[in-house]
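Peer 1: Pasting model-v9.pdb below, which is PDB, C-alpha atoms, pLDDT in the B column.
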```
ATOM      1  CA  GLN A 295      36.788  34.489  32.448  1.00 93.00           C
ATOM      2  CA  ALA A 296      39.047  37.282  33.698  1.00 94.00           C
ATOM      3  CA  ASN A 297      39.501  38.579  30.155  1.00 95.00           C
ATOM      4  CA  GLN A 298      35.737  38.452  29.572  1.00 94.00           C
ATOM      5  CA  ALA A 299      35.155  40.349  32.821  1.00 94.00           C
ATOM      6  CA  ASP A 300      37.583  43.077  31.664  1.00 94.00           C
ATOM      7  CA  ILE A 301      35.781  43.285  28.330  1.00 95.00           C
ATOM      8  CA  ASN A 302      32.416  43.588  30.042  1.00 94.00           C
ATOM      9  CA  LEU A 303      33.759  46.338  32.290  1.00 94.00           C
ATOM     10  CA  ILE A 304      35.103  48.295  29.311  1.00 95.00           C
ATOM     11  CA  LEU A 305      31.792  47.906  27.451  1.00 93.00           C
ATOM     12  CA  ALA A 306      29.914  49.104  30.519  1.00 92.00           C
ATOM     13  CA  ARG A 307      32.129  52.192  30.778  1.00 91.00           C
ATOM     14  CA  ILE A 308      31.686  52.919  27.083  1.00 90.00           C
ATOM     15  CA  SER A 309      27.889  52.695  27.474  1.00 87.00           C
ATOM     16  CA  GLU A 310      28.113  55.264  30.269  1.00 81.00           C
ATOM     17  CA  THR A 311      29.479  57.806  27.780  1.00 80.00           C
ATOM     18  CA  GLU A 312      26.198  57.732  25.835  1.00 81.00           C
ATOM     19  CA  LEU A 313      22.969  59.470  26.790  1.00 80.00           C
ATOM     20  CA  ARG A 314      19.832  57.643  25.705  1.00 82.00           C
ATOM     21  CA  ALA A 315      16.467  59.363  25.836  1.00 84.00           C
ATOM     22  CA  PRO A 316      13.421  57.420  27.069  1.00 84.00           C
ATOM     23  CA  PHE A 317      11.278  58.937  24.285  1.00 85.00           C
ATOM     24  CA  ASP A 318      11.569  60.695  20.924  1.00 85.00           C
ATOM     25  CA  GLY A 319      11.669  64.455  20.931  1.00 85.00           C
ATOM     26  CA  ILE A 320      13.629  67.609  20.132  1.00 87.00           C
ATOM     27  CA  ILE A 321      16.815  68.609  21.951  1.00 88.00           C
ATOM     28  CA  GLY A 322      16.757  72.163  23.249  1.00 86.00           C
ATOM     29  CA  LEU A 323      19.588  74.311  24.554  1.00 89.00           C
ATOM     30  CA  ARG A 324      22.744  72.659  25.872  1.00 88.00           C
ATOM     31  CA  TYR A 325      23.719  73.458  29.473  1.00 91.00           C
ATOM     32  CA  VAL A 326      27.289  72.089  29.523  1.00 91.00           C
ATOM     33  CA  SER A 327      30.304  72.621  27.292  1.00 89.00           C
ATOM     34  CA  GLU A 328      32.378  69.953  25.602  1.00 86.00           C
ATOM     35  CA  GLY A 329      35.050  68.587  27.914  1.00 85.00           C
ATOM     36  CA  SER A 330      33.190  69.517  31.118  1.00 87.00           C
ATOM     37  CA  TYR A 331      32.952  67.049  33.991  1.00 86.00           C
ATOM     38  CA  THR A 332      29.446  65.915  34.775  1.00 85.00           C
ATOM     39  CA  ASN A 333      27.673  63.667  37.255  1.00 85.00           C
ATOM     40  CA  PRO A 334      24.236  61.989  37.290  1.00 82.00           C
ATOM     41  CA  SER A 335      22.601  65.155  38.661  1.00 88.00           C
ATOM     42  CA  THR A 336      24.060  67.496  36.021  1.00 89.00           C
ATOM     43  CA  LYS A 337      21.513  69.054  33.671  1.00 89.00           C
ATOM     44  CA  ILE A 338      22.943  68.580  30.188  1.00 88.00           C
ATOM     45  CA  ALA A 339      20.082  69.509  27.840  1.00 89.00           C
ATOM     46  CA  ARG A 340      16.305  69.602  27.645  1.00 88.00           C
ATOM     47  CA  LEU A 341      14.433  67.032  25.589  1.00 88.00           C
ATOM     48  CA  VAL A 342      10.897  68.050  24.587  1.00 87.00           C
ATOM     49  CA  LYS A 343       8.245  65.868  22.986  1.00 86.00           C
ATOM     50  CA  ILE A 344       5.878  68.123  21.027  1.00 87.00           C
ATOM     51  CA  SER A 345       3.877  65.593  19.052  1.00 88.00           C
ATOM     52  CA  PRO A 346       1.424  64.843  20.514  1.00 90.00           C
ATOM     53  CA  LEU A 347       0.925  67.666  23.002  1.00 91.00           C
ATOM     54  CA  LYS A 348      -0.623  67.204  26.424  1.00 92.00           C
ATOM     55  CA  LEU A 349      -3.259  69.734  27.453  1.00 94.00           C
ATOM     56  CA  GLN A 350      -3.948  70.060  31.185  1.00 94.00           C
ATOM     57  CA  PHE A 351      -6.944  71.971  32.538  1.00 93.00           C
ATOM     58  CA  SER A 352      -9.499  71.920  35.357  1.00 93.00           C
ATOM     59  CA  ILE A 353     -13.295  71.875  35.457  1.00 91.00           C
ATOM     60  CA  PRO A 354     -15.706  72.533  38.359  1.00 90.00           C
ATOM     61  CA  GLU A 355     -16.538  69.470  40.414  1.00 90.00           C
ATOM     62  CA  ARG A 356     -20.238  69.563  39.458  1.00 87.00           C
ATOM     63  CA  TYR A 357     -19.285  68.507  35.924  1.00 87.00           C
ATOM     64  CA  ALA A 358     -17.064  65.625  37.012  1.00 85.00           C
ATOM     65  CA  ASN A 359     -19.633  62.937  36.165  1.00 87.00           C
ATOM     66  CA  GLN A 360     -20.272  64.326  32.673  1.00 87.00           C
ATOM     67  CA  VAL A 361     -16.738  63.959  31.304  1.00 90.00           C
ATOM     68  CA  ARG A 362     -15.231  60.582  30.384  1.00 90.00           C
ATOM     69  CA  ILE A 363     -12.076  59.274  28.736  1.00 93.00           C
ATOM     70  CA  GLY A 364     -12.219  60.140  25.036  1.00 92.00           C
ATOM     71  CA  TYR A 365     -14.404  63.216  25.613  1.00 92.00           C
ATOM     72  CA  PRO A 366     -13.759  65.832  22.885  1.00 93.00           C
ATOM     73  CA  VAL A 367     -12.556  69.302  23.849  1.00 93.00           C
ATOM     74  CA  SER A 368     -11.664  72.365  21.796  1.00 93.00           C
ATOM     75  CA  PHE A 369      -9.131  75.025  22.691  1.00 94.00           C
ATOM     76  CA  LYS A 370      -7.560  78.228  21.443  1.00 92.00           C
ATOM     77  CA  VAL A 371      -4.188  79.840  22.132  1.00 91.00           C
ATOM     78  CA  ASP A 372      -3.249  83.508  22.296  1.00 87.00           C
ATOM     79  CA  GLY A 373      -2.274  85.001  18.978  1.00 83.00           C
ATOM     80  CA  SER A 374      -4.332  82.588  16.878  1.00 83.00           C
ATOM     81  CA  ASN A 375      -8.001  82.510  15.921  1.00 86.00           C
ATOM     82  CA  GLU A 376      -7.863  78.834  14.984  1.00 90.00           C
ATOM     83  CA  THR A 377      -9.737  76.300  17.097  1.00 91.00           C
ATOM     84  CA  TYR A 378      -7.911  73.051  17.872  1.00 93.00           C
ATOM     85  CA  GLU A 379      -9.515  69.731  18.774  1.00 94.00           C
ATOM     86  CA  ALA A 380      -8.253  67.314  21.420  1.00 94.00           C
ATOM     87  CA  LYS A 381      -9.541  64.336  23.414  1.00 94.00           C
ATOM     88  CA  VAL A 382      -9.420  63.636  27.146  1.00 95.00           C
ATOM     89  CA  TYR A 383      -7.113  60.738  27.993  1.00 95.00           C
ATOM     90  CA  ALA A 384      -6.751  61.061  31.774  1.00 94.00           C
ATOM     91  CA  ILE A 385      -8.920  62.282  34.650  1.00 93.00           C
ATOM     92  CA  ASP A 386      -7.657  62.859  38.191  1.00 92.00           C
ATOM     93  CA  PRO A 387      -9.842  60.806  40.542  1.00 90.00           C
ATOM     94  CA  GLN A 388      -9.458  63.333  43.370  1.00 90.00           C
ATOM     95  CA  ILE A 389     -11.028  66.795  43.585  1.00 89.00           C
ATOM     96  CA  GLU A 390      -8.756  69.705  44.510  1.00 89.00           C
ATOM     97  CA  GLU A 391      -9.737  70.840  48.010  1.00 87.00           C
ATOM     98  CA  ASN A 392      -8.885  74.522  47.580  1.00 89.00           C
ATOM     99  CA  THR A 393     -10.449  75.139  44.168  1.00 89.00           C
ATOM    100  CA  ARG A 394     -13.124  72.391  44.180  1.00 91.00           C
ATOM    101  CA  THR A 395     -12.084  71.456  40.661  1.00 92.00           C
ATOM    102  CA  ILE A 396     -10.958  68.251  38.984  1.00 93.00           C
ATOM    103  CA  VAL A 397      -7.885  68.078  36.740  1.00 94.00           C
ATOM    104  CA  LEU A 398      -8.111  66.598  33.242  1.00 94.00           C
ATOM    105  CA  ARG A 399      -5.543  65.955  30.536  1.00 95.00           C
ATOM    106  CA  ALA A 400      -6.183  65.802  26.815  1.00 95.00           C
ATOM    107  CA  LEU A 401      -4.022  64.917  23.803  1.00 94.00           C
ATOM    108  CA  TYR A 402      -3.625  67.023  20.684  1.00 94.00           C
ATOM    109  CA  ALA A 403      -1.880  65.339  17.734  1.00 92.00           C
ATOM    110  CA  ASN A 404       0.143  68.439  16.715  1.00 90.00           C
ATOM    111  CA  THR A 405       1.353  66.545  13.661  1.00 88.00           C
ATOM    112  CA  SER A 406       2.623  69.666  11.925  1.00 86.00           C
ATOM    113  CA  GLU A 407       4.239  70.901  15.174  1.00 85.00           C
ATOM    114  CA  GLU A 408       2.488  74.274  14.872  1.00 87.00           C
ATOM    115  CA  LEU A 409       2.034  74.583  18.645  1.00 90.00           C
ATOM    116  CA  LYS A 410       4.832  74.789  21.180  1.00 88.00           C
ATOM    117  CA  PRO A 411       4.695  73.348  24.710  1.00 88.00           C
ATOM    118  CA  GLY A 412       4.148  75.695  27.625  1.00 87.00           C
ATOM    119  CA  ARG A 413       1.551  77.977  26.018  1.00 89.00           C
ATOM    120  CA  PHE A 414      -1.630  78.980  27.803  1.00 91.00           C
ATOM    121  CA  ALA A 415      -4.858  77.757  26.231  1.00 91.00           C
ATOM    122  CA  SER A 416      -8.548  78.615  26.553  1.00 91.00           C
ATOM    123  CA  VAL A 417     -10.430  75.319  26.723  1.00 91.00           C
ATOM    124  CA  THR A 418     -14.081  74.736  25.822  1.00 89.00           C
ATOM    125  CA  LEU A 419     -16.137  71.637  26.624  1.00 87.00           C
ATOM    126  CA  LEU A 420     -19.538  71.064  25.085  1.00 84.00           C
ATOM    127  CA  LEU A 421     -21.403  69.415  27.970  1.00 79.00           C
ATOM    128  CA  SER A 422     -24.858  69.647  26.416  1.00 74.00           C
ATOM    129  CA  GLU A 423     -26.483  70.900  23.244  1.00 73.00           C
ATOM    130  CA  ILE A 424     -30.025  72.156  22.727  1.00 75.00           C
ATOM    131  CA  GLU A 425     -31.237  72.271  19.145  1.00 76.00           C
ATOM    132  CA  ASN A 426     -33.742  74.786  17.754  1.00 78.00           C
ATOM    133  CA  THR A 427     -33.718  77.044  20.781  1.00 81.00           C
ATOM    134  CA  VAL A 428     -34.005  80.825  21.025  1.00 85.00           C
ATOM    135  CA  ALA A 429     -30.900  82.567  22.362  1.00 85.00           C
ATOM    136  CA  ILE A 430     -30.500  86.323  22.718  1.00 86.00           C
ATOM    137  CA  PRO A 431     -27.608  88.652  23.681  1.00 87.00           C
ATOM    138  CA  THR A 432     -27.327  89.148  27.432  1.00 87.00           C
ATOM    139  CA  GLU A 433     -27.597  92.929  27.061  1.00 86.00           C
ATOM    140  CA  ALA A 434     -31.072  92.601  25.496  1.00 87.00           C
ATOM    141  CA  LEU A 435     -32.565  91.148  28.704  1.00 88.00           C
ATOM    142  CA  ILE A 436     -34.028  93.610  31.235  1.00 87.00           C
ATOM    143  CA  PRO A 437     -34.560  92.441  34.845  1.00 86.00           C
ATOM    144  CA  GLU A 438     -37.624  93.912  36.590  1.00 84.00           C
ATOM    145  CA  MET A 439     -39.503  93.363  39.846  1.00 81.00           C
ATOM    146  CA  GLU A 440     -42.111  91.184  38.144  1.00 80.00           C
ATOM    147  CA  GLY A 441     -39.527  89.179  36.198  1.00 85.00           C
ATOM    148  CA  GLU A 442     -37.392  89.563  33.110  1.00 89.00           C
ATOM    149  CA  ILE A 443     -38.551  91.223  29.895  1.00 89.00           C
ATOM    150  CA  VAL A 444     -37.311  91.951  26.392  1.00 89.00           C
ATOM    151  CA  TYR A 445     -38.477  94.419  23.768  1.00 89.00           C
ATOM    152  CA  VAL A 446     -39.469  93.353  20.263  1.00 89.00           C
ATOM    153  CA  TYR A 447     -40.315  95.418  17.194  1.00 88.00           C
ATOM    154  CA  ARG A 448     -43.924  95.069  16.037  1.00 87.00           C
ATOM    155  CA  ASN A 449     -45.863  97.359  13.712  1.00 86.00           C
ATOM    156  CA  GLY A 450     -43.320 100.149  14.064  1.00 86.00           C
ATOM    157  CA  LYS A 451     -43.454 100.199  17.873  1.00 87.00           C
ATOM    158  CA  ALA A 452     -41.645  98.641  20.818  1.00 86.00           C
ATOM    159  CA  GLU A 453     -43.520  95.927  22.671  1.00 88.00           C
ATOM    160  CA  SER A 454     -42.372  94.460  25.981  1.00 88.00           C
ATOM    161  CA  ILE A 455     -42.639  90.708  26.495  1.00 88.00           C
ATOM    162  CA  ASN A 456     -42.179  88.722  29.684  1.00 90.00           C
ATOM    163  CA  VAL A 457     -39.785  85.852  29.121  1.00 89.00           C
ATOM    164  CA  GLU A 458     -38.498  82.786  30.959  1.00 88.00           C
ATOM    165  CA  THR A 459     -34.778  82.122  30.704  1.00 88.00           C
ATOM    166  CA  GLY A 460     -32.754  78.922  30.697  1.00 85.00           C
ATOM    167  CA  LEU A 461     -29.036  78.347  30.217  1.00 81.00           C
ATOM    168  CA  ARG A 462     -26.637  81.272  30.198  1.00 81.00           C
ATOM    169  CA  THR A 463     -23.212  81.883  28.717  1.00 77.00           C
ATOM    170  CA  GLU A 464     -21.006  84.958  28.844  1.00 76.00           C
ATOM    171  CA  SER A 465     -22.680  86.476  25.800  1.00 81.00           C
ATOM    172  CA  GLN A 466     -26.047  84.718  25.320  1.00 85.00           C
ATOM    173  CA  ILE A 467     -29.128  83.631  27.263  1.00 87.00           C
ATOM    174  CA  GLN A 468     -31.560  80.893  26.303  1.00 86.00           C
ATOM    175  CA  ILE A 469     -35.209  81.993  26.149  1.00 87.00           C
ATOM    176  CA  VAL A 470     -37.457  79.118  27.175  1.00 88.00           C
ATOM    177  CA  LYS A 471     -40.755  80.962  26.856  1.00 88.00           C
ATOM    178  CA  GLY A 472     -41.910  84.285  25.457  1.00 86.00           C
ATOM    179  CA  LEU A 473     -40.044  84.606  22.150  1.00 86.00           C
ATOM    180  CA  GLU A 474     -40.502  82.746  18.892  1.00 84.00           C
ATOM    181  CA  PHE A 475     -38.384  82.391  15.806  1.00 85.00           C
ATOM    182  CA  GLY A 476     -39.079  85.342  13.538  1.00 83.00           C
ATOM    183  CA  ASP A 477     -39.517  87.929  16.309  1.00 86.00           C
ATOM    184  CA  THR A 478     -37.478  91.108  15.821  1.00 87.00           C
ATOM    185  CA  LEU A 479     -35.579  91.657  19.053  1.00 87.00           C
ATOM    186  CA  LEU A 480     -34.468  95.160  20.045  1.00 86.00           C
ATOM    187  CA  ALA A 481     -30.932  94.848  21.399  1.00 83.00           C
ATOM    188  CA  THR A 482     -29.635  98.434  21.550  1.00 82.00           C
ATOM    189  CA  GLY A 483     -30.978 101.502  23.303  1.00 80.00           C
ATOM    190  CA  ILE A 484     -33.292  99.315  25.365  1.00 79.00           C
ATOM    191  CA  LEU A 485     -33.068 101.445  28.526  1.00 78.00           C
ATOM    192  CA  GLN A 486     -34.929 104.248  26.733  1.00 80.00           C
ATOM    193  CA  LEU A 487     -37.660 101.975  25.393  1.00 82.00           C
ATOM    194  CA  ARG A 488     -41.242 101.979  26.662  1.00 84.00           C
ATOM    195  CA  GLN A 489     -44.370 100.055  25.715  1.00 85.00           C
ATOM    196  CA  ASN A 490     -45.769 101.231  22.334  1.00 84.00           C
ATOM    197  CA  LEU A 491     -42.926 103.702  21.852  1.00 85.00           C
ATOM    198  CA  PRO A 492     -42.393 104.382  18.098  1.00 85.00           C
ATOM    199  CA  VAL A 493     -39.138 102.821  16.922  1.00 82.00           C
ATOM    200  CA  ARG A 494     -37.101 103.246  13.734  1.00 81.00           C
ATOM    201  CA  LEU A 495     -34.700 100.409  12.907  1.00 80.00           C
ATOM    202  CA  ASP A 496     -31.221 101.383  11.790  1.00 78.00           C
ATOM    203  CA  SER A 497     -30.103  97.817  11.024  1.00 73.00           C
ATOM    204  CA  VAL A 498     -31.507  94.308  11.227  1.00 74.00           C
ATOM    205  CA  ILE A 499     -29.433  91.181  11.818  1.00 74.00           C
ATOM    206  CA  THR A 500     -31.091  87.919  10.855  1.00 72.00           C
ATOM    207  CA  ASN A 501     -30.167  84.792  12.833  1.00 67.00           C
ATOM    208  CA  LYS A 502     -31.377  81.429  11.642  1.00 59.00           C
ATOM    209  CA  PRO A 503     -32.526  78.803  14.212  1.00 54.00           C
TER     210      PRO A 503
END
```
Mind converting the file's structure to structure tokens?

Peer 2:
Amino acid sequence: QANQADINLILARISETELRAPFDGIIGLRYVSEGSYTNPSTKIARLVKISPLKLQFSIPERYANQVRIGYPVSFKVDGSNETYEAKVYAIDPQIEENTRTIVLRALYANTSEELKPGRFASVTLLLSEIENTVAIPTEALIPEMEGEIVYVYRNGKAESINVETGLRTESQIQIVKGLEFGDTLLATGILQLRQNLPVRLDSVITNKP
């Protein structure tokens, strides 16, 4: 029994000379040199798991009930025009008091390891989708005392139309009433336009519904 106890002690000391990671990953820079004395609090190296990647972001509290586990999100990173797809796997049950936002985490497979941890990302969530709707550039909408108007091209002249707006993004506004598919919207030089003013089109961009 004494001999077995000595053997067990030696095996335990040998096991203490090995560092075992709790997960698979890639070893980064080493922070100690060979032969250095260390203790349990010594930082030896950094182990990073990059596949899959965890994406952490926040959304306003008013959208908290619209996002669930498995919800798809898309994101972009600086220096790349590619859009990446991820899925929400965790939602913080508590709202941040200072920002009134809720924190979410999503997983991106990163199978080819093209993305590195620590990068900033621009995240997009599609909360709702409206099919066959009219959307115009924000700069084409003119606010007036009586409401909002746009100018369209008809019979060689500018014609003002009162419109009702819906959802807005940074670059586009939904037109609920007033415009129809096929209307030619005037989007440049609109501050100089007047009702029945003759207009010559330099270029026409066709957008399908």

Peer 1: Asn333 of chain A: which residues within 12 Å, counting all atoms listed in the file, same-chain residues fewer than 6 positions away excluded, as JSON, numbers by chain?

Peer 2: {"A": [310, 311, 326]}

Peer 1: If you apply the PyMOL selection byres ((chain A and resi 406) around 10) to this file, what residues do you get, as a VMD selection string?

Peer 2: chain A and resid 344 to 346 403 to 405 407 to 409

Peer 1: Suppose a student applies the PyMOL selection byres ((chain A and resi 462-477) around 9) to this structure; what residues should they get, written as a PyMOL selection string?

Peer 2: chain A and resi 427-433+435+443-444+446-448+455-461+478-479+500-503

Peer 1: Using the chain letters and numbers from the file, give me the residues hit by the PyMOL selection byres ((chain A and resi 482-497) around 7), as number ranges by chain.

Peer 2: A: 450-454, 480-481, 498-499

Peer 1: Considering all atoms listed in the file, can you say which of A:Phe414, A:Ala296, A:Pro316, A:Ile385 comes closest to Val361 of chain A?

Peer 2: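 Looking at the shortest contact to Val361 of chain A, the residue is A:Ile385.
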
Peer 1: What would the list of residues within 8 Å of (17.9, 65.8, 26.6) (file frame) look like as a ChimeraX atom specification, if all atoms listed in the file are what count?

Peer 2: /A:315,320-322,338-342

Peer 1: What is the distance, in Å and to one decimal place, between atom CA of Asn359 of chain A and atom CA of Pro387 of chain A?

Peer 2: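 A separation of 10.9 Å between them.
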
Peer 1: Neighbours of Leu401 of chain A within 7 Å (all atoms listed in the file; same-chain residues fewer than 6 positions away dropped), as a list in words?

Peer 2: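 Surrounding residues, per the criterion: Pro346, Leu347, Lys348, Leu349, Ala380, Lys381, Val382 and Tyr383 of chain A.
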
Peer 1: Interatomic distance between atom CA of Thr332 of chain A and atom CA of Ala306 of chain A?

Peer 2: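 Computing it gives 17.3 Å between the two atoms.
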
Peer 1: Suppose you want the space between atom CA of Arg394 of chain A and atom CA of Tyr357 of chain A; what is it in Å?

Peer 2: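 Going from atom CA of Arg394 of chain A over to atom CA of Tyr357 of chain A covers 11.0 Å.
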
Peer 1: Tell me which protein, DNA and RNA residues are within 9 Å of Ala415 of chain A, counting all atoms listed in the file, leaving out same-chain ones fewer than 6 positions away, and put them as a ChimeraX atom specification.

Peer 2: /A:349,351,369-372
